[in-house]
Amino acid sequence: MKFKGFELDSFQEVAIQKIEEGKTVIVSAPTGTGKTVIAEYIIEKAIRENTQVIFTSPIKALSNQKFRDFNEQYGDKVGIKTGDVSINQDAIVLIMTTEIFRNMIYDSPERLSEIEHVIFDEVHFIDDPYRGTVWEESIIFAPLHIKFICLSATIPNLHNIAEWMSSVRETKVETIIEENRVVPLYNNLYVPDEGVVSLKHLKRLVYQSRKDGSRKKERFRFNWIDVINWVKKENNLPAIYFVFSRKIVETYAFKCQKLRLLNKEESRNARKLYWEICQRYEMEDNSYAEKLGELIGQGIAFHHAGMLPTMKEIIERMFSSGFIKLVFATETFALGINMPARSVIFDDVRKYDGIAFNYMKTRDYNQMAGRAGRRGLDDKGFVYVNIRKSEVDPTELDRVVNGQQEKVVSQFNLSFSTIINLYSKLGEDIFKIHEKNFANFNQGKRHDGKTQKKFIAYQNKQLANKIRFLKKNGFIDKSGQPSAKGKLARMINGYEIQSTEIFFHGMMKDLNAVMLAVLFSSIVYSPRKQDNSDSLGHEEASRMRKEIKFLMNDLRNDMISENIDDSVDAIHWKMQAPAYYWAIGKDLEEIELVTNILAGDIIRNFRMTVQLLKQFRIALAGDDAFCELLRDAEVLLKRDDVDAEKQLRSGISAV
């Protein structure tokens with residue numbers, strides 16, 4: 001079978017055949033094998049038949065990339081809806097985050113009545129501790145007429161997931177598994193000053209290193225750059241060099257500046273393209289762009305979540321152009337973003353969690369390593385693990401690189417806003433939901449009925465505790481319906497208890513638009529250990545912090561007394577100063593004088609703040625005066641880099 005002039009691989013052909021038969025399918029294949037072709041087939045089928053199809057991605061960055069890619073192919077037939085962006089919502093192909101799709105199921109299920117197919121990209125995210133429940137809820141509650149096309153990385157318990165989906169979707173779910181990569185992958189253990197070694201030889205080196213007592217010496221004099229010289233000598237560039245530290249990513253990049261991976265003509269063309277793209281995104285006067293421009297001319301770049309979203313996109317475009325031969329990146333570069341290279345290098349396969357270094361999961365290693373080997377360009381892909389022989393555990397290393405991938409497990413956990421929505425429709429029948437989730441399904445398969453009943457009883461106890469909390473605190477009235485407080489909370493995603501209680505305790509009523517921006521920014525702020533900012537010292541900010549601190553303590557104590565496992569988070573105030581100065585018109589360079597929080601984290605926070613302000617404004621429609629203040633706060637924040645839609649539209653015109 002041919003599609004777009006190319007002969008399809010057998011797994012692609014089988015998947016398309018099952019879809020044409022009206023089946024829900026799960027397709028599992030290694031990174032880079034062409035799963036997206038299956039999605040493109042469904043998209044073109046929908047365009048031909050003039051029926052709408054939904055394509056979901058786990059994160060906004062991936063949704064944006066898919067929108068750019070599909071927009072280039074299908075033009076105005078494609079739209080997007082995320083928390084940050086809304087373009088062409090009535091298009092035949094509507095791209096969104098999985099969370100937005102889940103919210104549609106709860107808030108406006110009538111919009112799904114004509115939807116035949118929903119494509120779940122990266123469905124293995126069902127295992128994600130923070131996002132995974134969204135997939136389970138979507139699969140359980142989506143209208144039964146919808147057929148899912150689930151695209152997944154390689155996971156060992158795919159049939160198990162399909163069995164569970166079959167039980168809740170009331171139809172047989174087909175599994176299509178492709179285990180072979182089109183471009184074979186070769187893992188290499190690299191010891192500086194030794195070269196590529198076998199695991200057996202590494203064990204000898206480790207023994208000798210520890211015998212010699214050279215551990216401390218290697219930690220502070222580790223020759224990390226040696227592997228790059230090796231990869232260059234082997235003609236295995238371009239390469240992605242993964243480092244689990246934003247600071248080290250940039251340090252490594254600038255220390256490689258003298259490598260000169262481009263010839264003079266390539267360097268000249270790379271600089272020219274880079275500044276053209278920067279101009280398109282209105283970044284030509286940005287000091288960070290100037291700093292990166294010094295590296296670009298040498299064929300080197302870096303990419304991490306602390307960068308401005310616009311700068312990350314510019315680097316991604318430069319990498320796709322072929323001028324970047326070496327990019328230093330954190331793991332976010334591997335989260336579904338289609339940026340393959342000939343080689344992947346790991347600076348380490350251990351990650352620091354704030355307390356200790358722990359070896360990464362095999363699944364995460366394979367996800368990142370899978371970026372090596374470009375279909376149609378390379379006949380082989382190469383992965384190099386940089387080894388600190390005085391610190392490495394060869395057994396754990398072998399498990400990461402060669403071990404069995406971890407099974408996907410359930411992360412099902414209904415949020416308070418979801419409980420309010422479901423309880424108003426289902427009443428006490430809400431407890432039957434726990435009989436449908438993935439975790440309970442597996443309890444039933446692995447254990448006897450008594451053990452399963454205990455598991456359900458525990459889940460139901462947690463749910464009952466949450467419902468009792470919601471009733472006690474006035475979110476659900478005596479009839480089981482949302483109160484005024486509940487009607488607000490059910491429209492908020494992620495911060496529903498904190499933000500609703502602050503509003504109903506009157507702590508927002510005297511705030512102007514600037515201070516509303518400051519408050520909402522603090523509600524969504526997730527602190528990093530090293531973050532630090534000047535404090536807002538004026539009386540209004542000080543009083544607000546004090547009042548809210550007492551309220552949050554009361555809420556947490558109340559949840560603890562109700563034996564609720566996942567209590568509300570405290571509100572942290574280190575984003576106060578950046579939000580205040582941005583809201584009064586300061587630029588990022590001025591804000592950097594009062595904080596060490598990275599620009600990308602600041603902009604991401606402001607985008608999330610705008611989203612929460614918008615949710616509040618929609619939920620409180622009718623309170624014209626307060627909604628006007630909320631709108632003003634949105635406007636104060638949503639400018640320049642915070643305007644995600646402007647960035648996305650610039651990206652489309654830059655293609």
# chains A, B, ... in the order shown; residues from 1 in each chain; ligands from 1
>>> residues_around(residues="Ile324 of chain A", least_positions_apart="2", cutoff="12 Å", atoms="only C-alpha atoms", output="NGL selection string")
:A and (237-240 or 253 or 260-262 or 266-267 or 269-271 or 273-274 or 292-293 or 295-303 or 314-322 or 326-328 or 339-342)
>>> select_by_dssp(residues="segment 232-329 of chain A", states="helix (DSSP H, G or I)", output="ChimeraX atom specification")
/A:232-233,246-255,257-259,264-280,287-296,309-321
>>> select_by_dssp(residues="segment 67-239 of chain A", states="strand (DSSP E or B)", output="MDAnalysis selection string")
chainID A and resid 78:81 86:87 93:97 117:120 147:152 173:177 185:191 195:197 239
>>> write_last_selection(atoms="C-alpha atoms", output="PDB file, in the first residue's frame")
ATOM      1  CA  VAL A  78      -6.034  22.779  10.628  1.00  0.00           C
ATOM      2  CA  GLY A  79      -6.800  24.566  13.901  1.00  0.00           C
ATOM      3  CA  ILE A  80      -5.433  24.480  17.431  1.00  0.00           C
ATOM      4  CA  LYS A  81      -6.818  24.911  20.941  1.00  0.00           C
ATOM      5  CA  SER A  86      -6.908  29.320  20.007  1.00  0.00           C
ATOM      6  CA  ILE A  87      -6.737  29.429  16.194  1.00  0.00           C
ATOM      7  CA  VAL A  93      -8.348  18.958  11.978  1.00  0.00           C
ATOM      8  CA  LEU A  94      -8.334  20.333  15.517  1.00  0.00           C
ATOM      9  CA  ILE A  95      -5.124  19.942  17.533  1.00  0.00           C
ATOM     10  CA  MET A  96      -5.251  20.272  21.301  1.00  0.00           C
ATOM     11  CA  THR A  97      -3.658  19.090  24.509  1.00  0.00           C
ATOM     12  CA  HIS A 117     -11.798   9.713  15.415  1.00  0.00           C
ATOM     13  CA  VAL A 118      -9.560  11.090  18.164  1.00  0.00           C
ATOM     14  CA  ILE A 119      -5.800  10.609  17.791  1.00  0.00           C
ATOM     15  CA  PHE A 120      -3.889  10.289  21.062  1.00  0.00           C
ATOM     16  CA  LYS A 147     -12.768   5.620  17.922  1.00  0.00           C
ATOM     17  CA  PHE A 148      -9.310   6.255  19.350  1.00  0.00           C
ATOM     18  CA  ILE A 149      -6.052   5.966  17.442  1.00  0.00           C
ATOM     19  CA  CYS A 150      -3.425   5.723  20.178  1.00  0.00           C
ATOM     20  CA  LEU A 151       0.227   6.215  19.201  1.00  0.00           C
ATOM     21  CA  SER A 152       2.801   5.082  21.720  1.00  0.00           C
ATOM     22  CA  VAL A 173      -9.214  -2.594  20.890  1.00  0.00           C
ATOM     23  CA  GLU A 174      -6.622  -3.749  18.365  1.00  0.00           C
ATOM     24  CA  THR A 175      -2.892  -3.646  19.093  1.00  0.00           C
ATOM     25  CA  ILE A 176      -0.270  -3.127  16.401  1.00  0.00           C
ATOM     26  CA  ILE A 177       3.317  -3.539  17.562  1.00  0.00           C
ATOM     27  CA  LEU A 185      20.568   1.928  17.041  1.00  0.00           C
ATOM     28  CA  TYR A 186      24.009   1.183  18.479  1.00  0.00           C
ATOM     29  CA  ASN A 187      24.672   1.865  22.176  1.00  0.00           C
ATOM     30  CA  ASN A 188      28.245   2.732  23.176  1.00  0.00           C
ATOM     31  CA  LEU A 189      29.809   3.098  26.615  1.00  0.00           C
ATOM     32  CA  TYR A 190      32.421   5.836  26.418  1.00  0.00           C
ATOM     33  CA  VAL A 191      35.207   6.299  28.970  1.00  0.00           C
ATOM     34  CA  GLY A 195      37.264   5.372  24.113  1.00  0.00           C
ATOM     35  CA  VAL A 196      34.345   3.007  23.539  1.00  0.00           C
ATOM     36  CA  VAL A 197      34.519   0.002  25.872  1.00  0.00           C
ATOM     37  CA  ALA A 239      24.577  15.064  17.794  1.00  0.00           C
TER      38      ALA A 239
END
>>> residues_around(residues="Ile430 of chain A", least_positions_apart="4", cutoff="12 Å", atoms="only C-alpha atoms", output="PyMOL selection string")
chain A and resi 141+414+418-426+434-436+459-460+463-464+467+480
>>> write_last_selection(atoms="C-alpha atoms", output="mmCIF file, in the first residue's frame")
data_model
loop_
_atom_site.group_PDB
_atom_site.id
_atom_site.type_symbol
_atom_site.label_atom_id
_atom_site.label_comp_id
_atom_site.auth_asym_id
_atom_site.auth_seq_id
_atom_site.Cartn_x
_atom_site.Cartn_y
_atom_site.Cartn_z
ATOM 1 C CA PHE A 141 -15.727 9.212 29.782
ATOM 2 C CA LEU A 414 -9.779 12.710 40.167
ATOM 3 C CA THR A 418 -13.660 16.910 38.210
ATOM 4 C CA ILE A 419 -15.374 15.518 41.318
ATOM 5 C CA ILE A 420 -17.671 18.554 41.501
ATOM 6 C CA ASN A 421 -18.603 18.100 37.828
ATOM 7 C CA LEU A 422 -19.159 14.344 38.047
ATOM 8 C CA TYR A 423 -20.971 14.369 41.388
ATOM 9 C CA SER A 424 -23.534 16.824 40.041
ATOM 10 C CA LYS A 425 -24.327 14.356 37.213
ATOM 11 C CA LEU A 426 -23.809 10.979 38.860
ATOM 12 C CA HIS A 434 -13.143 3.385 40.384
ATOM 13 C CA GLU A 435 -14.328 0.052 39.047
ATOM 14 C CA LYS A 436 -13.342 1.299 35.577
ATOM 15 C CA GLN A 459 -9.908 4.388 46.376
ATOM 16 C CA ASN A 460 -13.532 4.987 47.278
ATOM 17 C CA LEU A 463 -13.026 9.871 46.978
ATOM 18 C CA ALA A 464 -15.511 9.960 49.868
ATOM 19 C CA ILE A 467 -16.534 14.753 48.632
ATOM 20 C CA GLY A 480 -25.495 17.356 45.474
#
>>> residues_around(residues="Arg639 of chain A", least_positions_apart="3", cutoff="10 Å", atoms="only C-alpha atoms", output="MDAnalysis selection string")
chainID A and resid 582:583 585 606:607 634:636 642:644 646
>>> write_last_selection(atoms="C-alpha atoms", output="PDB file, in the first residue's frame")
ATOM      1  CA  TRP A 582       6.058  43.034  34.199  1.00  0.00           C
ATOM      2  CA  ALA A 583       2.492  44.195  34.883  1.00  0.00           C
ATOM      3  CA  GLY A 585       5.444  47.636  31.896  1.00  0.00           C
ATOM      4  CA  PHE A 606       2.827  34.403  33.042  1.00  0.00           C
ATOM      5  CA  ARG A 607       1.217  32.302  30.300  1.00  0.00           C
ATOM      6  CA  GLU A 634      -4.736  39.575  31.385  1.00  0.00           C
ATOM      7  CA  VAL A 635      -3.893  42.471  29.092  1.00  0.00           C
ATOM      8  CA  LEU A 636      -1.116  43.696  31.400  1.00  0.00           C
ATOM      9  CA  VAL A 642       3.888  36.066  26.898  1.00  0.00           C
ATOM     10  CA  ASP A 643       1.635  36.165  23.827  1.00  0.00           C
ATOM     11  CA  ALA A 644       1.913  32.495  22.786  1.00  0.00           C
ATOM     12  CA  LYS A 646       1.529  35.682  18.399  1.00  0.00           C
TER      13      LYS A 646
END
